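Structure file protein27.cif (mmCIF, C-alpha atoms and all ligand atoms) follows.
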```
data_input
#
loop_
_atom_site.label_atom_id
_atom_site.label_comp_id
_atom_site.auth_asym_id
_atom_site.auth_seq_id
_atom_site.Cartn_x
_atom_site.Cartn_y
_atom_site.Cartn_z
CA MET A 12 159.24 107.58 16.80
CA ALA A 13 158.80 103.97 17.88
CA LYS A 14 159.40 101.33 15.24
CA LYS A 15 156.23 100.12 13.58
CA ILE A 16 154.99 96.67 14.54
CA ARG A 17 154.77 94.47 11.45
CA VAL A 18 151.44 92.66 11.28
CA GLY A 19 150.84 89.81 8.85
CA ILE A 20 147.19 89.34 7.98
CA LEU A 21 146.76 85.65 7.22
CA PHE A 22 143.56 85.21 5.25
CA GLY A 23 141.64 83.32 2.58
CA GLY A 24 142.01 79.65 3.29
CA LYS A 25 140.51 76.36 2.27
CA SER A 26 137.19 76.71 4.06
CA VAL A 27 133.78 77.65 2.66
CA GLU A 28 134.21 80.99 4.41
CA HIS A 29 137.08 81.97 2.08
CA GLU A 30 135.20 84.98 0.68
CA ILE A 31 134.13 86.27 4.10
CA SER A 32 137.74 86.02 5.18
CA ILE A 33 138.84 88.24 2.26
CA LEU A 34 136.28 90.84 3.23
CA SER A 35 137.32 90.69 6.89
CA ALA A 36 141.00 91.06 5.94
CA LYS A 37 140.22 94.15 3.85
CA ASN A 38 138.26 95.71 6.70
CA VAL A 39 141.00 95.03 9.23
CA ALA A 40 143.59 96.55 6.89
CA GLN A 41 141.49 99.68 6.43
CA ALA A 42 140.88 100.19 10.12
CA ILE A 43 144.30 99.37 11.57
CA ASP A 44 146.33 102.27 12.95
CA ARG A 45 149.02 102.77 10.27
CA LYS A 46 151.06 105.01 12.52
CA LYS A 47 151.60 102.10 14.85
CA TYR A 48 151.41 99.10 12.54
CA HIS A 49 152.81 98.10 9.19
CA ILE A 50 150.72 95.46 7.49
CA SER A 51 151.36 92.76 4.95
CA PHE A 52 148.93 90.25 3.50
CA ILE A 53 149.55 86.53 3.43
CA LYS A 54 146.89 84.86 1.33
CA ILE A 55 146.06 81.19 1.35
CA ASP A 56 144.21 80.21 -1.78
CA LYS A 57 141.11 78.08 -1.89
CA ARG A 58 143.00 74.84 -2.48
CA GLY A 59 145.27 75.66 0.42
CA ALA A 60 147.98 75.37 -2.16
CA CYS A 61 149.93 78.62 -2.00
CA PHE A 62 150.31 77.56 1.54
CA SER A 63 153.36 75.56 0.60
CA LYS A 64 155.50 75.14 3.68
CA THR A 65 158.34 77.22 2.37
CA ALA A 66 156.10 80.09 1.18
CA ILE A 67 154.40 80.51 4.52
CA PHE A 68 157.58 80.28 6.53
CA LYS A 69 159.26 82.81 4.25
CA SER A 70 156.38 85.30 4.62
CA ILE A 71 156.19 85.06 8.38
CA GLN A 72 159.88 85.67 8.85
CA PHE A 73 159.15 89.32 8.11
CA VAL A 74 156.39 89.98 10.58
CA ASP A 75 156.25 90.56 14.33
CA VAL A 76 152.75 89.20 14.79
CA ILE A 77 150.16 87.32 12.75
CA PHE A 78 146.47 88.20 12.65
CA PRO A 79 144.81 85.01 11.38
CA ILE A 80 141.43 85.68 9.79
CA LEU A 81 140.71 82.16 8.69
CA HIS A 82 137.41 80.56 9.53
CA GLY A 83 136.65 76.90 10.04
CA PRO A 84 138.96 73.90 9.63
CA PHE A 85 142.61 74.63 8.66
CA GLY A 86 142.49 78.05 10.28
CA GLU A 87 140.31 78.26 13.35
CA ASP A 88 140.95 74.73 14.58
CA GLY A 89 144.44 74.92 16.04
CA THR A 90 146.33 73.75 12.95
CA VAL A 91 147.53 77.21 11.87
CA GLN A 92 148.02 78.16 15.52
CA GLY A 93 150.29 75.12 15.98
CA MET A 94 152.35 76.06 12.96
CA LEU A 95 152.75 79.64 14.20
CA LYS A 96 153.75 78.40 17.63
CA LEU A 97 156.42 76.19 16.13
CA ALA A 98 157.67 79.12 14.06
CA ASN A 99 157.84 81.20 17.27
CA ILE A 100 155.54 83.92 15.96
CA PRO A 101 152.95 85.67 18.17
CA PHE A 102 149.38 85.47 16.82
CA VAL A 103 145.95 86.88 17.57
CA GLY A 104 143.24 84.71 19.10
CA PRO A 105 143.20 81.51 21.14
CA SER A 106 146.18 79.19 21.06
CA VAL A 107 146.26 75.56 19.91
CA LEU A 108 144.15 73.94 22.60
CA GLY A 109 141.39 76.58 22.84
CA SER A 110 141.09 76.71 19.05
CA ALA A 111 140.89 72.94 18.71
CA ILE A 112 138.36 72.57 21.53
CA CYS A 113 136.01 75.23 20.17
CA MET A 114 136.18 73.89 16.62
CA ASP A 115 134.85 70.55 17.81
CA LYS A 116 131.21 71.04 18.82
CA GLU A 117 131.10 67.68 20.60
CA VAL A 118 134.19 68.23 22.77
CA THR A 119 132.99 71.78 23.50
CA LYS A 120 129.65 70.45 24.70
CA ARG A 121 131.20 67.75 26.87
CA LEU A 122 133.41 70.30 28.62
CA LEU A 123 130.53 72.73 29.08
CA LYS A 124 128.37 69.99 30.54
CA GLU A 125 131.12 69.12 32.98
CA GLY A 126 131.25 72.81 33.92
CA GLY A 127 127.54 72.76 34.74
CA ILE A 128 126.64 74.99 31.80
CA GLY A 129 123.34 74.50 29.94
CA ILE A 130 123.60 72.85 26.51
CA ALA A 131 121.14 71.12 24.16
CA ASP A 132 120.91 67.34 24.73
CA PHE A 133 122.80 65.59 21.97
CA LEU A 134 124.02 62.28 20.61
CA LYS A 135 127.49 61.82 19.14
CA ILE A 136 127.48 59.56 16.09
CA LYS A 137 130.52 58.22 14.24
CA ASP A 138 130.14 57.00 10.67
CA SER A 139 131.08 53.55 11.92
CA ASP A 140 128.14 53.30 14.37
CA PRO A 141 124.83 54.11 12.69
CA ILE A 142 121.65 54.96 14.60
CA SER A 143 117.99 54.50 13.68
CA PHE A 144 115.40 57.27 13.38
CA SER A 145 113.28 55.76 16.18
CA GLU A 146 116.28 55.62 18.55
CA VAL A 147 116.91 59.32 17.93
CA THR A 148 113.31 60.44 18.35
CA ALA A 149 112.98 58.36 21.54
CA LYS A 150 115.90 60.27 23.03
CA LEU A 151 115.54 63.76 21.53
CA GLY A 152 111.98 64.08 20.19
CA LEU A 153 111.14 65.86 16.95
CA PRO A 154 112.27 68.01 15.22
CA PHE A 155 116.01 67.68 15.89
CA PHE A 156 119.22 69.06 14.39
CA ILE A 157 121.99 67.19 12.62
CA LYS A 158 125.40 68.85 12.24
CA PRO A 159 129.01 67.91 11.44
CA ALA A 160 131.16 68.15 14.58
CA ASN A 161 133.90 70.30 13.03
CA LEU A 162 132.56 72.87 10.63
CA GLY A 163 130.93 76.30 10.46
CA SER A 164 128.74 78.55 8.34
CA SER A 165 125.83 76.13 8.84
CA VAL A 166 127.30 73.84 6.18
CA GLY A 167 125.92 70.31 6.48
CA ILE A 168 123.40 71.42 9.13
CA HIS A 169 119.81 70.17 8.89
CA LYS A 170 116.62 70.59 10.85
CA VAL A 171 114.99 67.16 10.65
CA LYS A 172 111.24 66.62 10.87
CA ASN A 173 110.75 63.09 9.54
CA GLU A 174 112.54 59.86 8.67
CA LYS A 175 113.06 60.78 5.04
CA GLU A 176 114.78 64.04 5.99
CA PHE A 177 116.78 62.13 8.60
CA LYS A 178 118.35 59.90 5.96
CA VAL A 179 119.20 62.80 3.67
CA ALA A 180 120.63 64.85 6.56
CA LEU A 181 122.74 62.00 7.90
CA LYS A 182 124.27 61.31 4.51
CA ASP A 183 124.97 64.98 3.90
CA ALA A 184 126.51 65.69 7.32
CA PHE A 185 128.81 62.68 7.02
CA GLN A 186 130.20 64.13 3.80
CA PHE A 187 131.85 66.84 5.87
CA ASP A 188 132.98 64.98 8.97
CA SER A 189 133.26 61.45 10.25
CA LYS A 190 131.73 62.60 13.53
CA ILE A 191 128.35 64.30 13.72
CA LEU A 192 126.02 65.60 16.43
CA ILE A 193 122.32 64.98 16.62
CA GLU A 194 120.86 67.69 18.82
CA LYS A 195 117.60 68.37 20.52
CA TYR A 196 115.80 71.27 18.88
CA ILE A 197 115.89 74.39 21.05
CA GLU A 198 113.06 76.79 20.49
CA GLY A 199 114.23 80.26 21.37
CA ARG A 200 116.01 83.47 20.47
CA GLU A 201 119.64 83.44 19.28
CA VAL A 202 121.89 85.82 21.21
CA GLU A 203 125.63 86.37 21.04
CA CYS A 204 128.29 87.89 23.25
CA ALA A 205 131.85 88.86 22.29
CA VAL A 206 134.78 88.32 24.64
CA LEU A 207 138.20 90.02 24.56
CA GLY A 208 141.27 89.44 26.72
CA ASN A 209 143.74 86.91 28.06
CA GLU A 210 143.77 86.28 31.81
CA ASN A 211 141.20 88.99 32.59
CA PRO A 212 138.78 89.02 29.67
CA ILE A 213 135.92 91.45 29.21
CA ALA A 214 132.49 90.74 27.73
CA SER A 215 130.69 92.99 25.25
CA ARG A 216 127.05 94.00 25.12
CA VAL A 217 124.82 91.15 23.94
CA GLY A 218 123.38 91.12 20.43
CA GLU A 219 120.59 89.15 18.80
CA ILE A 220 120.35 87.40 15.44
CA ILE A 221 116.84 87.10 14.09
CA PRO A 222 116.99 84.67 11.14
CA GLN A 223 114.34 85.22 8.48
CA HIS A 224 114.67 81.59 7.37
CA GLU A 225 113.65 78.45 9.21
CA PHE A 226 116.99 78.66 11.03
CA TYR A 227 120.26 80.56 10.61
CA SER A 228 121.26 78.53 7.57
CA TYR A 229 124.04 79.08 5.01
CA GLU A 230 121.50 80.86 2.77
CA ALA A 231 120.40 83.13 5.61
CA LYS A 232 124.02 83.92 6.52
CA TYR A 233 125.52 84.58 3.11
CA LEU A 234 123.19 84.30 0.14
CA ASP A 235 120.11 86.21 1.18
CA GLU A 236 120.79 89.87 1.87
CA ASN A 237 117.77 89.94 4.13
CA GLY A 238 118.46 86.53 5.61
CA ALA A 239 118.77 87.78 9.16
CA VAL A 240 118.32 90.88 11.25
CA LEU A 241 121.15 91.77 13.64
CA LYS A 242 120.06 93.64 16.73
CA VAL A 243 122.81 95.32 18.71
CA PRO A 244 122.28 95.52 21.60
CA ALA A 245 119.54 92.97 22.04
CA GLU A 246 116.43 93.88 24.00
CA LEU A 247 116.73 91.75 27.10
CA GLU A 248 114.67 91.83 30.25
CA GLY A 249 115.99 92.35 33.76
CA ASP A 250 119.42 90.94 34.47
CA LEU A 251 119.51 88.66 31.41
CA GLU A 252 122.26 90.62 29.66
CA LYS A 253 124.43 90.56 32.77
CA ARG A 254 123.86 86.81 33.19
CA ILE A 255 124.82 86.17 29.56
CA GLN A 256 127.96 88.28 29.91
CA GLU A 257 129.04 86.48 33.08
CA LEU A 258 128.37 83.12 31.48
CA SER A 259 130.37 84.11 28.39
CA LEU A 260 133.40 84.94 30.51
CA LYS A 261 133.09 81.67 32.39
CA ILE A 262 132.88 79.73 29.12
CA PHE A 263 135.82 81.61 27.62
CA LYS A 264 138.02 80.52 30.52
CA LEU A 265 136.60 77.02 30.73
CA LEU A 266 137.40 76.33 27.08
CA GLU A 267 140.97 77.68 27.32
CA CYS A 268 140.27 80.69 25.11
CA GLU A 269 142.58 83.69 24.85
CA GLY A 270 142.46 86.88 22.81
CA MET A 271 139.00 86.67 21.37
CA ALA A 272 135.90 84.53 20.99
CA ARG A 273 132.21 84.98 20.27
CA VAL A 274 129.89 82.90 22.40
CA ASP A 275 126.53 82.01 20.83
CA PHE A 276 123.46 81.13 22.87
CA PHE A 277 119.82 80.21 22.67
CA LEU A 278 117.45 81.94 25.04
CA ASN A 279 114.20 80.10 25.58
CA ALA A 280 110.84 81.38 26.74
CA ASN A 281 111.66 80.46 30.37
CA HIS A 282 114.74 82.70 30.19
CA GLU A 283 117.02 79.68 30.29
CA ILE A 284 120.38 80.37 28.64
CA ILE A 285 121.62 77.46 26.53
CA VAL A 286 125.03 77.61 24.88
CA ASN A 287 125.12 76.76 21.20
CA GLU A 288 128.75 77.18 20.19
CA VAL A 289 131.92 79.24 20.57
CA ASN A 290 133.73 80.81 17.60
CA THR A 291 137.38 81.65 18.13
CA ILE A 292 137.87 83.52 14.84
CA PRO A 293 134.50 85.17 14.38
CA GLY A 294 133.55 87.14 11.27
CA PHE A 295 135.50 90.39 11.16
CA THR A 296 133.81 92.49 8.52
CA LYS A 297 132.58 95.88 9.69
CA ILE A 298 129.05 94.55 9.83
CA SER A 299 129.99 91.32 11.61
CA MET A 300 128.67 90.66 15.09
CA TYR A 301 132.02 90.55 16.94
CA PRO A 302 133.21 94.08 16.08
CA LYS A 303 129.65 95.43 16.21
CA LEU A 304 129.19 94.15 19.75
CA PHE A 305 132.35 95.88 20.93
CA GLU A 306 131.48 99.05 19.08
CA ALA A 307 128.22 99.08 21.05
CA SER A 308 130.34 98.62 24.18
CA GLY A 309 132.50 101.68 23.45
CA ILE A 310 135.45 99.96 21.76
CA SER A 311 135.86 101.10 18.14
CA TYR A 312 136.81 98.69 15.36
CA SER A 313 140.38 100.05 15.13
CA ASN A 314 140.79 100.09 18.90
CA LEU A 315 139.61 96.46 18.95
CA ILE A 316 142.27 95.45 16.42
CA ASP A 317 144.91 97.32 18.41
CA ARG A 318 143.91 95.53 21.62
CA LEU A 319 143.88 92.13 19.94
CA ILE A 320 147.40 92.60 18.60
CA GLN A 321 148.66 93.79 21.97
CA LEU A 322 147.06 90.75 23.64
CA ALA A 323 148.85 88.47 21.17
CA LEU A 324 152.20 90.11 21.96
CA LYS A 325 151.59 89.92 25.71
CA ARG A 326 150.73 86.23 25.58
CA PHE A 327 153.84 85.56 23.53
CA LYS A 328 156.01 87.35 26.10
CA ARG A 329 154.40 85.38 28.89
CA GLU A 330 155.04 82.10 27.09
CA GLN A 331 158.64 83.05 26.33
CA LYS A 332 159.28 83.29 30.07
CA LEU A 333 158.45 79.63 30.61
CA LYS A 334 161.42 77.40 31.20
CA THR A 335 162.21 74.96 28.44
CA THR A 336 165.15 73.28 30.11
CA PHE A 337 165.40 71.53 33.42
CA ARG A 338 168.49 71.08 35.52
CA VAL A 339 168.48 69.04 38.67
CA PRO A 340 169.20 71.55 41.45
N1 LIG A 401 119.85 72.53 18.63
C1 LIG A 401 119.40 73.52 17.87
N2 LIG A 401 118.14 74.01 18.03
C2 LIG A 401 117.68 75.02 17.24
N3 LIG A 401 118.38 75.61 16.25
C3 LIG A 401 119.64 75.16 16.04
C4 LIG A 401 120.22 74.11 16.84
N4 LIG A 401 121.48 73.91 16.41
C5 LIG A 401 121.67 74.78 15.40
N5 LIG A 401 120.59 75.53 15.17
C6 LIG A 401 120.45 76.54 14.11
O1 LIG A 401 121.46 76.34 13.13
C7 LIG A 401 122.38 77.44 13.08
C8 LIG A 401 123.78 76.95 12.83
O2 LIG A 401 124.18 76.04 13.83
P1 LIG A 401 125.55 76.16 14.59
O3 LIG A 401 125.62 75.03 15.55
O4 LIG A 401 125.68 77.52 15.14
O5 LIG A 401 126.62 75.90 13.45
P2 LIG A 401 127.68 76.82 12.70
O6 LIG A 401 128.97 76.55 13.38
O7 LIG A 401 127.69 76.30 11.31
O8 LIG A 401 127.24 78.24 12.83
C9 LIG A 401 122.18 78.14 14.42
O9 LIG A 401 122.57 79.49 14.35
C10 LIG A 401 120.67 77.94 14.64
O10 LIG A 401 119.92 78.84 13.83
MG MG A 402 126.79 79.24 14.59
#
```
Please rewrite the model in this file as structure tokens.
Ligand SMILES: Nc1ncnc2c1ncn2[C@@H]1O[C@H](COP(=O)(O)OP(=O)(O)O)[C@@H](O)[C@H]1O
Ligand SMILES: [Mg+2]
Amino acid sequence: MAKKIRVGILFGGKSVEHEISILSAKNVAQAIDRKKYHISFIKIDKRGACFSKTAIFKSIQFVDVIFPILHGPFGEDGTVQGMLKLANIPFVGPSVLGSAICMDKEVTKRLLKEGGIGIADFLKIKDSDPISFSEVTAKLGLPFFIKPANLGSSVGIHKVKNEKEFKVALKDAFQFDSKILIEKYIEGREVECAVLGNENPIASRVGEIIPQHEFYSYEAKYLDENGAVLKVPAELEGDLEKRIQELSLKIFKLLECEGMARVDFFLNANHEIIVNEVNTIPGFTKISMYPKLFEASGISYSNLIDRLIQLALKRFKREQKLKTTFRVP
């Protein structure tokens, strides 16, 4: 019998999505094929503390591949990926650059715009260069959205309808990041597509999120059980699903993604597809969109995990082949 591949599930973490990460890690552990894989858990506590340099390096010496299930900054943003690269350990999901790009909503949007892909008009604001309410409304109208550039889970995100709300939103968003985005409000449906693969990725069926709150806020995501309805697959007219899938693959490649990503869109009444954001370590509980979308596409949760690990190992092999020394011929 072939030797079991040792998988380290790296989970927990400093971000507000700590609890979701624990749930995802449990689900992955339950579904993974134990005949093929041996798993161990590497937990990062909420202060990021247990993550002392020696502890993490000791734990990862005993694994063949890491499955990071860490959402948001210090997990999904290229920092952990950089550490694993330095330690010469294969890992699931995009590498340093793709992770860092997708974590930063402003850089993501700039690259998408350059690629001719539809995004919401936005202004980038640093805490050192304030902007007035009238300047914003002149450019983006009302309402508009304010969000920290590098965060997730709708933390620090506000829908602004007047000057008073603007001031509150600005102050709040700047608590989480020194760079924020002010975005034109997009009225439309929210649809998502999951992508899997390295050089030749595949796109899943498209799903829809129907928030029962004013938008898909933190409360709607995590606090209110009935905060949103997930529809998998989404009911989409004509060739819309195909267009969204093709666009998702294009975006995946454009943003240097590998392994996995979930691409989130708005779909307006004119059937225009506008990209909202790309998540490189999407939620991984059994009821999360990413695994659900692949399940609806004929790839079971445990098969999905298997494929993701194999993709991580393949990428690692590919990278190992690159020359690291140069001799003048
Ligand atoms: N420009 C926008 N127009 C309309 N709704 C928006 C806009 N930006 C964000 N939202 C709403 O806020 C939610 C969270 O925003 P998002 O940019 O996806 O941040 P996060 O990374 O925290 O999920 C979205 O799912 C959507 O409901
Ligand atoms: Mg989102």
Taking only residues of chain A that have an atom at most 12 Å from an atom of ligand MG 402 (chain A), what is each one's shortest atom pair and its distance in Å to one decimal, using only C-alpha atoms and all ligand atoms, in chain and number order, as a Markdown table?
```
| residue | atom | partner | partner_atom | distance |
| --- | --- | --- | --- | --- |
| A:His82 | CA | A:MG402 | MG | 11.8 |
| A:Gly83 | CA | A:MG402 | MG | 11.1 |
| A:Cys113 | CA | A:MG402 | MG | 11.5 |
| A:Met114 | CA | A:MG402 | MG | 11.0 |
| A:Lys116 | CA | A:MG402 | MG | 10.2 |
| A:Lys158 | CA | A:MG402 | MG | 10.7 |
| A:Pro159 | CA | A:MG402 | MG | 12.0 |
| A:Ala160 | CA | A:MG402 | MG | 11.9 |
| A:Asn161 | CA | A:MG402 | MG | 11.5 |
| A:Leu162 | CA | A:MG402 | MG | 9.5 |
| A:Gly163 | CA | A:MG402 | MG | 6.5 |
| A:Ser164 | CA | A:MG402 | MG | 6.6 |
| A:Ser165 | CA | A:MG402 | MG | 6.6 |
| A:Val166 | CA | A:MG402 | MG | 10.0 |
| A:Ile168 | CA | A:MG402 | MG | 10.1 |
| A:Glu201 | CA | A:MG402 | MG | 9.5 |
| A:Val202 | CA | A:MG402 | MG | 10.5 |
| A:Glu203 | CA | A:MG402 | MG | 9.7 |
| A:Ile220 | CA | A:MG402 | MG | 10.4 |
| A:Pro222 | CA | A:MG402 | MG | 11.7 |
| A:Phe226 | CA | A:MG402 | MG | 10.4 |
| A:Tyr227 | CA | A:MG402 | MG | 7.8 |
| A:Ser228 | CA | A:MG402 | MG | 9.0 |
| A:Tyr229 | CA | A:MG402 | MG | 10.0 |
| A:Ala231 | CA | A:MG402 | MG | 11.7 |
| A:Lys232 | CA | A:MG402 | MG | 9.7 |
| A:Arg273 | CA | A:MG402 | MG | 9.7 |
| A:Val274 | CA | A:MG402 | MG | 9.2 |
| A:Asp275 | CA | A:MG402 | MG | 6.8 |
| A:Phe276 | CA | A:MG402 | MG | 9.1 |
| A:Phe277 | CA | A:MG402 | MG | 10.7 |
| A:Val286 | CA | A:MG402 | MG | 10.6 |
| A:Asn287 | CA | A:MG402 | MG | 7.3 |
| A:Glu288 | CA | A:MG402 | MG | 6.3 |
| A:Val289 | CA | A:MG402 | MG | 7.9 |
| A:Asn290 | CA | A:MG402 | MG | 7.7 |
| A:Thr291 | CA | A:MG402 | MG | 11.4 |
| A:Ile292 | CA | A:MG402 | MG | 11.9 |
| A:Pro293 | CA | A:MG402 | MG | 9.7 |
| A:Gly294 | CA | A:MG402 | MG | 10.9 |
| A:Met300 | CA | A:MG402 | MG | 11.6 |
```
How big is the axis-aligned box, and where does its centre sit, when it encloses all atoms of segment 42-47 of chain A listed in the file and has 8 Å added on every side, reported in Å to one decimal as JSON?
```
{"center_x": 146.2, "center_y": 102.2, "center_z": 12.5, "size_x": 26.7, "size_y": 21.6, "size_z": 20.7}
```
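Using all atoms listed in the file, the smallest distance between any of A:Tyr196, A:Phe295, A:Phe156, A:Tyr233 and Ile33 of chain A comes from A:Phe295.
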Do you know which residues are at most 12 Å from Arg45 of chain A counting only C-alpha atoms, after dropping those on the same chain fewer than 2 positions away, and could you put them as a PDB file with C-alpha atoms, keeping the file's coordinate frame?
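Result written to selection-v7.pdb:
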```
ATOM      1  CA  LYS A  14     159.400 101.330  15.240  1.00  0.00           C
ATOM      2  CA  LYS A  15     156.230 100.120  13.580  1.00  0.00           C
ATOM      3  CA  ILE A  16     154.990  96.670  14.540  1.00  0.00           C
ATOM      4  CA  ARG A  17     154.770  94.470  11.450  1.00  0.00           C
ATOM      5  CA  VAL A  18     151.440  92.660  11.280  1.00  0.00           C
ATOM      6  CA  VAL A  39     141.000  95.030   9.230  1.00  0.00           C
ATOM      7  CA  ALA A  40     143.590  96.550   6.890  1.00  0.00           C
ATOM      8  CA  GLN A  41     141.490  99.680   6.430  1.00  0.00           C
ATOM      9  CA  ALA A  42     140.880 100.190  10.120  1.00  0.00           C
ATOM     10  CA  ILE A  43     144.300  99.370  11.570  1.00  0.00           C
ATOM     11  CA  LYS A  47     151.600 102.100  14.850  1.00  0.00           C
ATOM     12  CA  TYR A  48     151.410  99.100  12.540  1.00  0.00           C
ATOM     13  CA  HIS A  49     152.810  98.100   9.190  1.00  0.00           C
ATOM     14  CA  ILE A  50     150.720  95.460   7.490  1.00  0.00           C
ATOM     15  CA  SER A  51     151.360  92.760   4.950  1.00  0.00           C
ATOM     16  CA  SER A 313     140.380 100.050  15.130  1.00  0.00           C
ATOM     17  CA  ILE A 316     142.270  95.450  16.420  1.00  0.00           C
ATOM     18  CA  ASP A 317     144.910  97.320  18.410  1.00  0.00           C
TER      19      ASP A 317
END
```
Query - Exercise: Glu225 of chain A partners within 12 Å, only C-alpha atoms, chain neighbours under 6 positions left out, as a ChimeraX atom specification - result: /A:169-171,198,231,238-239
If you count all atoms listed in the file, which residues fall within 7 Å of segment 124-136 of chain A, apart from same-chain ones fewer than 5 positions away, as a short mmCIF file (atom, residue, chain, number, x, y, z; two decimals) with C-alpha atoms, in the frame of the given file?
```cif
data_model
loop_
_atom_site.label_atom_id
_atom_site.label_comp_id
_atom_site.auth_asym_id
_atom_site.auth_seq_id
_atom_site.Cartn_x
_atom_site.Cartn_y
_atom_site.Cartn_z
CA PRO A 141 124.83 54.11 12.69
CA LYS A 190 131.73 62.60 13.53
CA ILE A 191 128.35 64.30 13.72
CA LEU A 192 126.02 65.60 16.43
CA ILE A 193 122.32 64.98 16.62
CA GLU A 194 120.86 67.69 18.82
CA LYS A 195 117.60 68.37 20.52
CA ILE A 197 115.89 74.39 21.05
CA ILE A 284 120.38 80.37 28.64
CA ILE A 285 121.62 77.46 26.53
CA VAL A 286 125.03 77.61 24.88
CA ASN A 287 125.12 76.76 21.20
#
```
